[in-house]
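Source file: data05.cif. Holds: mmCIF, C-alpha atoms.
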```
data_final
loop_
_atom_site.label_atom_id
_atom_site.label_comp_id
_atom_site.auth_asym_id
_atom_site.auth_seq_id
_atom_site.Cartn_x
_atom_site.Cartn_y
_atom_site.Cartn_z
CA MET T 1 9.96 31.04 -22.51
CA THR T 2 13.58 31.77 -21.60
CA ARG T 3 13.42 29.87 -18.32
CA PHE T 4 12.50 26.70 -20.21
CA LYS T 5 16.12 26.55 -21.36
CA ASP T 6 16.99 25.76 -17.73
CA LEU T 7 14.85 22.64 -17.74
CA ASP T 8 16.77 19.39 -18.02
CA PRO T 9 16.43 18.34 -21.70
CA MET T 10 16.65 14.68 -20.68
CA LEU T 11 13.39 15.09 -18.73
CA HIS T 12 11.72 17.75 -20.83
CA SER T 13 10.32 15.20 -23.23
CA GLN T 14 6.83 13.74 -22.92
CA LEU T 15 7.69 10.08 -22.75
CA ARG T 16 10.88 10.33 -20.68
CA LEU T 17 9.11 12.62 -18.21
CA ALA T 18 6.21 10.15 -18.00
CA VAL T 19 8.62 7.26 -17.35
CA ILE T 20 10.51 9.12 -14.62
CA SER T 21 7.23 10.33 -13.04
CA LEU T 22 6.00 6.73 -12.87
CA LEU T 23 9.27 5.48 -11.42
CA VAL T 24 9.65 8.26 -8.86
CA SER T 25 6.92 6.85 -6.63
CA THR T 26 7.73 3.21 -7.24
CA VAL T 27 10.47 0.96 -5.96
CA SER T 28 10.48 -0.74 -9.36
CA ALA T 29 8.17 -1.17 -12.32
CA GLU T 30 8.03 -3.63 -15.22
CA PHE T 31 8.68 -2.40 -18.76
CA THR T 32 5.27 -3.73 -19.87
CA TYR T 33 3.55 -1.84 -17.04
CA ILE T 34 5.29 1.41 -18.06
CA GLN T 35 4.28 0.77 -21.66
CA GLU T 36 0.67 0.19 -20.62
CA GLN T 37 0.51 3.32 -18.46
CA THR T 38 2.20 5.65 -20.95
CA GLY T 39 0.48 4.24 -24.03
CA ALA T 40 3.81 4.23 -25.90
CA THR T 41 4.90 1.65 -28.44
CA ALA T 42 7.49 -0.88 -27.26
CA GLY T 43 10.05 0.44 -29.74
CA ASN T 44 9.71 4.10 -28.76
CA LEU T 45 9.66 3.28 -25.07
CA SER T 46 12.72 1.10 -25.44
CA VAL T 47 14.64 3.97 -27.09
CA GLN T 48 13.67 6.44 -24.34
CA VAL T 49 14.40 3.95 -21.54
CA THR T 50 17.85 3.37 -23.04
CA LYS T 51 18.48 7.15 -23.11
CA LEU T 52 17.47 7.46 -19.45
CA LYS T 53 19.62 4.48 -18.56
CA GLU T 54 22.66 5.86 -20.39
CA ALA T 55 22.20 9.20 -18.63
CA GLY T 56 22.26 7.31 -15.31
CA TYR T 57 18.69 8.32 -14.39
CA ILE T 58 17.34 4.78 -14.22
CA GLU T 59 18.59 1.21 -13.79
CA VAL T 60 17.31 -1.60 -15.96
CA THR T 61 17.51 -5.22 -14.88
CA LYS T 62 16.38 -8.27 -16.79
CA LYS T 63 14.98 -11.33 -15.03
CA PHE T 64 12.88 -14.37 -15.75
CA ARG T 65 9.49 -14.90 -14.13
CA GLU T 66 7.64 -18.14 -14.80
CA ASN T 67 9.87 -18.72 -17.87
CA TYR T 68 9.06 -15.31 -19.36
CA PRO T 69 11.62 -12.49 -19.61
CA GLN T 70 10.87 -9.54 -17.39
CA THR T 71 12.50 -6.10 -17.65
CA LEU T 72 12.45 -4.12 -14.42
CA CYS T 73 13.16 -0.39 -14.28
CA ARG T 74 13.98 1.63 -11.20
CA ILE T 75 14.97 5.23 -10.69
CA THR T 76 18.52 5.97 -9.46
CA PRO T 77 19.41 8.60 -6.81
CA LEU T 78 20.69 10.80 -9.68
CA GLY T 79 17.39 10.40 -11.54
CA ARG T 80 15.44 11.31 -8.40
CA GLN T 81 17.64 14.36 -7.85
CA ARG T 82 17.21 15.51 -11.46
CA PHE T 83 13.44 15.00 -11.22
CA ILE T 84 13.26 17.18 -8.08
CA GLU T 85 15.33 19.88 -9.82
CA TYR T 86 13.08 19.66 -12.87
CA VAL T 87 9.91 20.08 -10.77
CA ASN T 88 11.47 23.03 -8.91
CA SER T 89 12.45 24.70 -12.20
CA LEU T 90 8.93 24.09 -13.47
CA LYS T 91 7.44 25.69 -10.36
CA ASP T 92 9.70 28.73 -10.84
CA TYR T 93 8.60 28.98 -14.45
CA LEU T 94 4.90 28.69 -13.66
CA ASN T 95 5.03 31.06 -10.65
CA PRO T 96 7.77 33.57 -11.48
CA GLU T 97 6.41 36.14 -8.98
CA LYS T 98 7.14 33.77 -6.06
CA GLN T 99 10.89 33.82 -6.70
CA MET I 1 2.83 9.51 -26.24
CA GLU I 2 4.57 9.04 -29.54
CA ASN I 3 5.64 12.53 -30.55
CA ASP I 4 8.53 12.56 -28.14
CA GLU I 5 10.33 15.68 -29.34
CA LYS I 6 7.21 17.87 -29.28
CA VAL I 7 7.83 21.04 -27.23
CA MET I 8 5.87 20.88 -24.00
CA THR I 9 4.41 23.77 -22.06
CA GLY I 10 4.86 23.93 -18.27
CA GLU I 11 1.22 22.97 -17.80
CA GLU I 12 1.65 19.90 -19.99
CA SER I 13 4.69 18.83 -18.00
CA LEU I 14 2.79 19.17 -14.73
CA ARG I 15 -0.17 17.27 -16.15
CA ILE I 16 2.07 14.36 -17.20
CA ILE I 17 3.79 14.28 -13.80
CA SER I 18 0.57 14.31 -11.77
CA GLU I 19 -1.18 11.84 -14.10
CA MET I 20 1.67 9.33 -13.90
CA ILE I 21 2.14 9.64 -10.13
CA ASN I 22 -1.62 9.17 -9.58
CA ARG I 23 -1.58 5.95 -11.58
CA THR I 24 0.75 4.29 -9.10
CA LYS I 25 -1.51 4.97 -6.11
CA VAL I 26 -4.05 2.25 -6.74
CA ASN I 27 -1.86 -0.76 -5.95
CA ILE I 28 -2.39 -1.13 -2.19
CA ARG I 29 -6.11 -0.45 -2.49
CA GLN I 30 -6.35 -4.05 -3.65
CA GLY I 31 -5.56 -5.11 -0.08
CA SER I 32 -9.19 -5.64 0.94
CA PHE I 33 -8.50 -9.40 1.02
CA HIS I 34 -6.44 -9.13 4.21
CA LEU I 35 -9.01 -6.94 5.98
CA LEU I 36 -11.87 -9.29 5.12
CA PHE I 37 -9.89 -12.47 5.79
CA TRP I 38 -8.66 -11.32 9.21
CA GLY I 39 -11.96 -9.66 10.05
CA TRP I 40 -13.94 -12.86 9.56
CA LEU I 41 -11.28 -15.10 11.10
CA ILE I 42 -11.12 -13.01 14.27
CA VAL I 43 -14.92 -12.69 14.47
CA PHE I 44 -15.08 -16.48 14.29
CA CYS I 45 -12.34 -17.00 16.90
CA SER I 46 -13.65 -14.40 19.35
CA LEU I 47 -17.29 -15.53 19.11
CA SER I 48 -16.24 -19.20 19.39
CA GLU I 49 -14.18 -18.42 22.47
CA TYR I 50 -17.10 -16.50 24.01
CA LEU I 51 -19.65 -19.22 23.24
CA LEU I 52 -17.38 -22.07 24.34
CA PHE I 53 -16.81 -20.30 27.65
CA ARG I 54 -20.49 -19.37 28.14
CA LEU I 55 -22.09 -22.60 26.98
CA THR I 56 -19.60 -25.31 27.84
CA GLY I 57 -17.54 -23.76 30.63
CA MET I 58 -14.43 -24.94 28.81
CA GLU I 59 -11.27 -24.21 30.81
CA ASN I 60 -9.13 -22.88 27.94
CA PRO I 61 -11.56 -21.56 25.33
CA TRP I 62 -8.85 -19.25 23.97
CA ILE I 63 -7.38 -22.30 22.26
CA VAL I 64 -9.54 -21.45 19.20
CA TRP I 65 -7.16 -18.55 18.64
CA LEU I 66 -4.57 -21.05 17.43
CA LEU I 67 -6.41 -20.75 14.10
CA VAL I 68 -4.56 -17.47 13.57
CA ILE I 69 -1.35 -19.48 12.99
CA PRO I 70 -2.56 -21.11 9.73
CA GLY I 71 -4.34 -17.81 9.05
CA ALA I 72 -1.00 -16.01 9.15
CA PHE I 73 0.42 -18.49 6.63
CA VAL I 74 -2.55 -17.98 4.28
CA SER I 75 -2.19 -14.21 4.57
CA PHE I 76 1.57 -14.35 4.03
CA ILE I 77 1.33 -16.64 0.98
CA TYR I 78 -1.45 -14.52 -0.56
CA GLY I 79 0.58 -11.32 -0.03
CA TYR I 80 3.74 -12.95 -1.41
CA VAL I 81 2.04 -14.27 -4.55
CA LYS I 82 0.21 -10.97 -5.15
CA GLY I 83 3.42 -9.03 -4.62
CA LYS I 84 5.32 -11.23 -7.07
CA LYS I 85 2.62 -10.78 -9.69
CA SER I 86 2.36 -7.01 -9.30
CA PRO I 87 3.99 -5.17 -12.20
CA PHE I 88 5.14 -2.38 -9.90
CA HIS I 89 5.86 -1.74 -6.23
CA THR I 90 5.46 1.67 -4.64
CA TYR I 91 7.14 3.01 -1.51
CA ALA I 92 3.64 3.24 -0.03
CA ASP I 93 3.25 -0.53 -0.65
CA MET I 94 6.47 -1.15 1.27
CA LEU I 95 5.40 1.12 4.13
CA TYR I 96 2.00 -0.59 4.24
CA MET I 97 3.56 -4.07 4.25
CA TRP I 98 6.19 -3.32 6.92
CA THR I 99 3.63 -1.58 9.15
CA TRP I 100 1.55 -4.77 9.20
CA ILE I 101 4.59 -7.04 9.62
CA GLY I 102 5.63 -4.83 12.56
CA PHE I 103 2.17 -5.27 14.06
CA PHE I 104 2.31 -9.02 13.52
CA ILE I 105 5.67 -9.26 15.34
CA SER I 106 4.35 -7.05 18.18
CA ALA I 107 1.27 -9.27 18.47
CA ILE I 108 3.46 -12.40 18.79
CA VAL I 109 5.56 -10.70 21.50
CA LEU I 110 2.36 -9.65 23.29
CA PHE I 111 0.99 -13.21 23.18
CA ILE I 112 4.26 -14.52 24.63
CA ILE I 113 4.23 -11.92 27.42
CA MET I 114 0.56 -12.58 28.18
CA SER I 115 0.68 -16.36 27.71
CA GLY I 116 -0.24 -17.00 31.34
CA LYS I 117 -3.33 -14.79 31.23
CA MET I 118 -4.69 -15.00 27.69
CA GLU I 119 -8.21 -14.11 28.87
CA THR I 120 -7.06 -10.51 29.46
CA VAL I 121 -5.22 -10.00 26.16
CA ALA I 122 -8.14 -8.49 24.15
CA PRO I 123 -7.80 -4.78 25.12
CA TYR I 124 -4.06 -4.85 24.47
CA ILE I 125 -4.30 -6.53 21.08
CA LEU I 126 -7.06 -4.12 20.03
CA MET I 127 -4.95 -1.17 21.13
CA LEU I 128 -2.04 -2.56 19.12
CA ALA I 129 -4.18 -3.35 16.04
CA ALA I 130 -5.44 0.23 16.02
CA ILE I 131 -1.99 1.55 15.04
CA PRO I 132 -1.45 -0.24 11.65
CA THR I 133 -5.13 0.15 10.78
CA PHE I 134 -5.05 3.88 11.50
CA ILE I 135 -1.75 4.38 9.64
CA SER I 136 -2.88 2.24 6.68
CA GLY I 137 -5.97 4.44 6.35
CA PHE I 138 -3.71 7.45 5.92
CA ILE I 139 -1.32 5.66 3.55
CA ILE I 140 -4.12 4.74 1.14
CA LYS I 141 -6.13 7.90 1.94
CA PHE I 142 -9.20 5.89 2.92
CA ASN I 143 -11.31 7.37 5.72
CA PRO I 144 -13.28 4.22 6.68
CA LEU I 145 -9.97 2.56 7.61
CA ILE I 146 -8.85 5.60 9.63
CA PHE I 147 -12.16 5.52 11.54
CA GLY I 148 -11.75 1.74 11.84
CA GLY I 149 -8.42 2.31 13.59
CA ILE I 150 -10.03 4.84 15.94
CA SER I 151 -12.83 2.37 16.68
CA PHE I 152 -10.21 -0.17 17.81
CA TRP I 153 -9.03 2.26 20.50
CA VAL I 154 -12.64 2.78 21.64
CA PHE I 155 -13.30 -0.97 21.75
CA ALA I 156 -10.00 -1.52 23.59
CA LEU I 157 -11.42 0.66 26.38
CA VAL I 158 -14.74 -1.22 26.20
CA ALA I 159 -12.92 -4.57 26.42
CA TYR I 160 -10.97 -3.38 29.44
CA PHE I 161 -13.71 -1.62 31.42
CA ALA I 162 -16.99 -3.28 30.38
CA GLY I 163 -16.61 -6.35 32.55
CA PRO I 164 -16.61 -10.06 31.74
CA SER I 165 -20.15 -10.25 30.35
CA ILE I 166 -19.85 -7.56 27.65
CA GLY I 167 -16.09 -7.09 27.34
CA PRO I 168 -15.42 -10.24 25.22
CA LEU I 169 -17.89 -9.00 22.60
CA ALA I 170 -15.75 -5.90 22.05
CA VAL I 171 -13.41 -7.88 19.78
CA PRO I 172 -16.04 -9.05 17.22
CA ALA I 173 -17.66 -5.61 17.36
CA ALA I 174 -14.27 -4.00 16.68
CA MET I 175 -13.75 -6.34 13.71
CA LEU I 176 -17.00 -5.12 12.17
CA THR I 177 -16.02 -1.46 12.37
CA GLY I 178 -12.24 -1.83 11.99
CA TYR I 179 -11.76 -4.51 9.32
CA LEU I 180 -15.02 -5.76 7.78
CA PHE I 181 -16.81 -2.49 7.09
CA PRO I 182 -13.68 -0.78 5.64
CA GLY I 183 -12.78 -4.05 3.85
CA TYR I 184 -16.10 -4.26 2.00
CA MET I 185 -16.01 -0.52 1.25
CA LEU I 186 -12.50 -0.93 -0.18
CA LYS I 187 -13.55 -3.94 -2.22
CA ARG I 188 -16.45 -2.00 -3.68
CA LYS I 189 -14.19 0.96 -4.41
CA ASP I 190 -11.68 -1.31 -6.21
CA HIS I 191 -14.52 -2.74 -8.25
CA ASP I 192 -15.87 0.73 -9.10
CA ASP I 193 -12.37 1.96 -10.02
CA GLN I 194 -11.87 -0.98 -12.37
CA VAL I 195 -15.23 -0.53 -14.15
#
```
Please lay out the structure from this file as structure tokens.
Amino acid sequence: MTRFKDLDPMLHSQLRLAVISLLVSTVSAEFTYIQEQTGATAGNLSVQVTKLKEAGYIEVTKKFRENYPQTLCRITPLGRQRFIEYVNSLKDYLNPEKQ
Amino acid sequence: MENDEKVMTGEESLRIISEMINRTKVNIRQGSFHLLFWGWLIVFCSLSEYLLFRLTGMENPWIVWLLVIPGAFVSFIYGYVKGKKSPFHTYADMLYMWTWIGFFISAIVLFIIMSGKMETVAPYILMLAAIPTFISGFIIKFNPLIFGGISFWVFALVAYFAGPSIGPLAVPAAMLTGYLFPGYMLKRKDHDDQV
């Protein structure tokens, strides 16, 4: 379990990891789409999205589409870098003999 | 996914990552419209050109191909509206879109170059169409489209070498294997995935 301390705490959380994993293969995604895919409540998702935004892992932009507000999220280069590091740490943890 | 601070195991983390990444793969699979639209439009144009030439001896039967101009607008507007409505856009979507736009531009350049001898354009356009079809098959991991792209190369050779009586039929035949068959398979797959 000791190696888990090396994992980025910002990403080692179910919902934040799910959000970043969704955003890593997308150019951008709507807040409502992320909510639908993760099954999270709007309030909880909003809190986690704000944490990721404040850490500089994602960008959040607000627009209007057909008179309805639309919140778009996209991963930043820092977020992508941290995600890659997280996956590499995870691989090391799961396959320690390959190090 | 409410208990946010719950301690995750490595396996749980990997499961979340792969599950979420897999959910973003389905977007471009909904592109069967373009395959079916262009497949039928080109079957119509190529068969009309062939029949007009055979039955009426018309001097410029290739004129029916002008239908691809409004066709391009329909395709563009459909893609634009669908894209605007999509709640997410993947890098694969972008690659898919730009591959086809690249083909479209190449096709226009080819038509300009070959404008004086439009009756010989079929093998070249098939050869060109094979590339985005083949690549798209790999992008969306859909074998019928990959084989469709390969069939375009085969029919390009048929169109070039088979002579004036059979050669013109290579284009509608290629549309069946390259666009229509994969298009209907994709449509069915989308439907099955949604059920």
Hits from the PyMOL selection byres ((chain I) within 6 of (chain T)), listed as number ranges by chain: I: 1, 4, 16-17, 20-21, 87-91
For the residues selected in the previous step, produce a file with C-alpha atoms as a JSON list (two decimals), in the frame of the given file.
```json
[["chain", "number", "residue", "atom", "x", "y", "z"],
["I", 1, "MET", "CA", 2.83, 9.51, -26.24],
["I", 4, "ASP", "CA", 8.53, 12.56, -28.14],
["I", 16, "ILE", "CA", 2.07, 14.36, -17.20],
["I", 17, "ILE", "CA", 3.79, 14.28, -13.80],
["I", 20, "MET", "CA", 1.67, 9.33, -13.90],
["I", 21, "ILE", "CA", 2.14, 9.64, -10.13],
["I", 87, "PRO", "CA", 3.99, -5.17, -12.20],
["I", 88, "PHE", "CA", 5.14, -2.38, -9.90],
["I", 89, "HIS", "CA", 5.86, -1.74, -6.23],
["I", 90, "THR", "CA", 5.46, 1.67, -4.64],
["I", 91, "TYR", "CA", 7.14, 3.01, -1.51]]
```
With all atoms listed in the file as the counted atoms, please give the residues lying no more than 12 Å from segment 131-133 of chain I, apart from itself and same-chain residues fewer than 3 positions off, as a PDB file with C-alpha atoms, in the coordinates of the input.
```
ATOM      1  CA  HIS I  34      -6.440  -9.130   4.210  1.00  0.00           C
ATOM      2  CA  LEU I  35      -9.010  -6.940   5.980  1.00  0.00           C
ATOM      3  CA  GLY I  39     -11.960  -9.660  10.050  1.00  0.00           C
ATOM      4  CA  LEU I  95       5.400   1.120   4.130  1.00  0.00           C
ATOM      5  CA  TYR I  96       2.000  -0.590   4.240  1.00  0.00           C
ATOM      6  CA  MET I  97       3.560  -4.070   4.250  1.00  0.00           C
ATOM      7  CA  TRP I  98       6.190  -3.320   6.920  1.00  0.00           C
ATOM      8  CA  THR I  99       3.630  -1.580   9.150  1.00  0.00           C
ATOM      9  CA  TRP I 100       1.550  -4.770   9.200  1.00  0.00           C
ATOM     10  CA  ILE I 101       4.590  -7.040   9.620  1.00  0.00           C
ATOM     11  CA  GLY I 102       5.630  -4.830  12.560  1.00  0.00           C
ATOM     12  CA  PHE I 103       2.170  -5.270  14.060  1.00  0.00           C
ATOM     13  CA  PHE I 104       2.310  -9.020  13.520  1.00  0.00           C
ATOM     14  CA  SER I 106       4.350  -7.050  18.180  1.00  0.00           C
ATOM     15  CA  ALA I 107       1.270  -9.270  18.470  1.00  0.00           C
ATOM     16  CA  TYR I 124      -4.060  -4.850  24.470  1.00  0.00           C
ATOM     17  CA  ILE I 125      -4.300  -6.530  21.080  1.00  0.00           C
ATOM     18  CA  LEU I 126      -7.060  -4.120  20.030  1.00  0.00           C
ATOM     19  CA  MET I 127      -4.950  -1.170  21.130  1.00  0.00           C
ATOM     20  CA  LEU I 128      -2.040  -2.560  19.120  1.00  0.00           C
ATOM     21  CA  SER I 136      -2.880   2.240   6.680  1.00  0.00           C
ATOM     22  CA  GLY I 137      -5.970   4.440   6.350  1.00  0.00           C
ATOM     23  CA  PHE I 138      -3.710   7.450   5.920  1.00  0.00           C
ATOM     24  CA  ILE I 139      -1.320   5.660   3.550  1.00  0.00           C
ATOM     25  CA  ILE I 140      -4.120   4.740   1.140  1.00  0.00           C
ATOM     26  CA  LYS I 141      -6.130   7.900   1.940  1.00  0.00           C
ATOM     27  CA  PHE I 142      -9.200   5.890   2.920  1.00  0.00           C
ATOM     28  CA  ASN I 143     -11.310   7.370   5.720  1.00  0.00           C
ATOM     29  CA  PRO I 144     -13.280   4.220   6.680  1.00  0.00           C
ATOM     30  CA  LEU I 145      -9.970   2.560   7.610  1.00  0.00           C
ATOM     31  CA  ILE I 146      -8.850   5.600   9.630  1.00  0.00           C
ATOM     32  CA  PHE I 147     -12.160   5.520  11.540  1.00  0.00           C
ATOM     33  CA  GLY I 148     -11.750   1.740  11.840  1.00  0.00           C
ATOM     34  CA  GLY I 149      -8.420   2.310  13.590  1.00  0.00           C
ATOM     35  CA  ILE I 150     -10.030   4.840  15.940  1.00  0.00           C
ATOM     36  CA  SER I 151     -12.830   2.370  16.680  1.00  0.00           C
ATOM     37  CA  PHE I 152     -10.210  -0.170  17.810  1.00  0.00           C
ATOM     38  CA  TRP I 153      -9.030   2.260  20.500  1.00  0.00           C
ATOM     39  CA  ALA I 174     -14.270  -4.000  16.680  1.00  0.00           C
ATOM     40  CA  MET I 175     -13.750  -6.340  13.710  1.00  0.00           C
ATOM     41  CA  THR I 177     -16.020  -1.460  12.370  1.00  0.00           C
ATOM     42  CA  GLY I 178     -12.240  -1.830  11.990  1.00  0.00           C
ATOM     43  CA  TYR I 179     -11.760  -4.510   9.320  1.00  0.00           C
ATOM     44  CA  LEU I 180     -15.020  -5.760   7.780  1.00  0.00           C
ATOM     45  CA  PRO I 182     -13.680  -0.780   5.640  1.00  0.00           C
ATOM     46  CA  GLY I 183     -12.780  -4.050   3.850  1.00  0.00           C
TER      47      GLY I 183
END
```
Segment 56-64 of chain I environment, 9 Å, all atoms listed in the file, sequence neighbours closer than 5 positions dropped, as a PDB file with C-alpha atoms, in the coordinates of the input:
```
ATOM      1  CA  PHE I  44     -15.080 -16.480  14.290  1.00  0.00           C
ATOM      2  CA  CYS I  45     -12.340 -17.000  16.900  1.00  0.00           C
ATOM      3  CA  SER I  46     -13.650 -14.400  19.350  1.00  0.00           C
ATOM      4  CA  SER I  48     -16.240 -19.200  19.390  1.00  0.00           C
ATOM      5  CA  GLU I  49     -14.180 -18.420  22.470  1.00  0.00           C
ATOM      6  CA  TYR I  50     -17.100 -16.500  24.010  1.00  0.00           C
ATOM      7  CA  LEU I  51     -19.650 -19.220  23.240  1.00  0.00           C
ATOM      8  CA  MET I 118      -4.690 -15.000  27.690  1.00  0.00           C
ATOM      9  CA  GLU I 119      -8.210 -14.110  28.870  1.00  0.00           C
TER      10      GLU I 119
END
```
Please evaluate the PyMOL selection byres ((chain T and resi 58) around 6) against the structure above and give the resulting residues as a list in words. Leu52, Lys53, Gly56, Tyr57, Glu59, Arg74, Ile75 and Thr76 of chain T
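Each of I:Phe155, I:Glu19, I:Leu55, I:Ser32 was compared to Lys189 of chain I using only C-alpha atoms, and I:Ser32 turns out to be the nearest.
Counting all atoms listed in the file, the residue from I:Phe111, I:Ala162, I:Asp192, I:Ser75 that sits nearest to Leu36 of chain I is I:Ser75.
Here atom CA of Leu176 of chain I and atom CA of Val81 of chain I stand 26.9 Å from one another.
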Could you tell me how far atom CA of Glu54 of chain T sits from atom CA of Glu11 of chain I, in Å to one decimal place? 27.6 Å
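Here atom CA of Val171 of chain I and atom CA of Val158 of chain I stand 9.3 Å from one another.
Environment of (2.6, -19.3, -11.7): residues at most 12 Å away, judged by only C-alpha atoms, are Arg65, Glu66, Asn67 and Tyr68 of chain T; Val81, Lys82, Lys84 and Lys85 of chain I.
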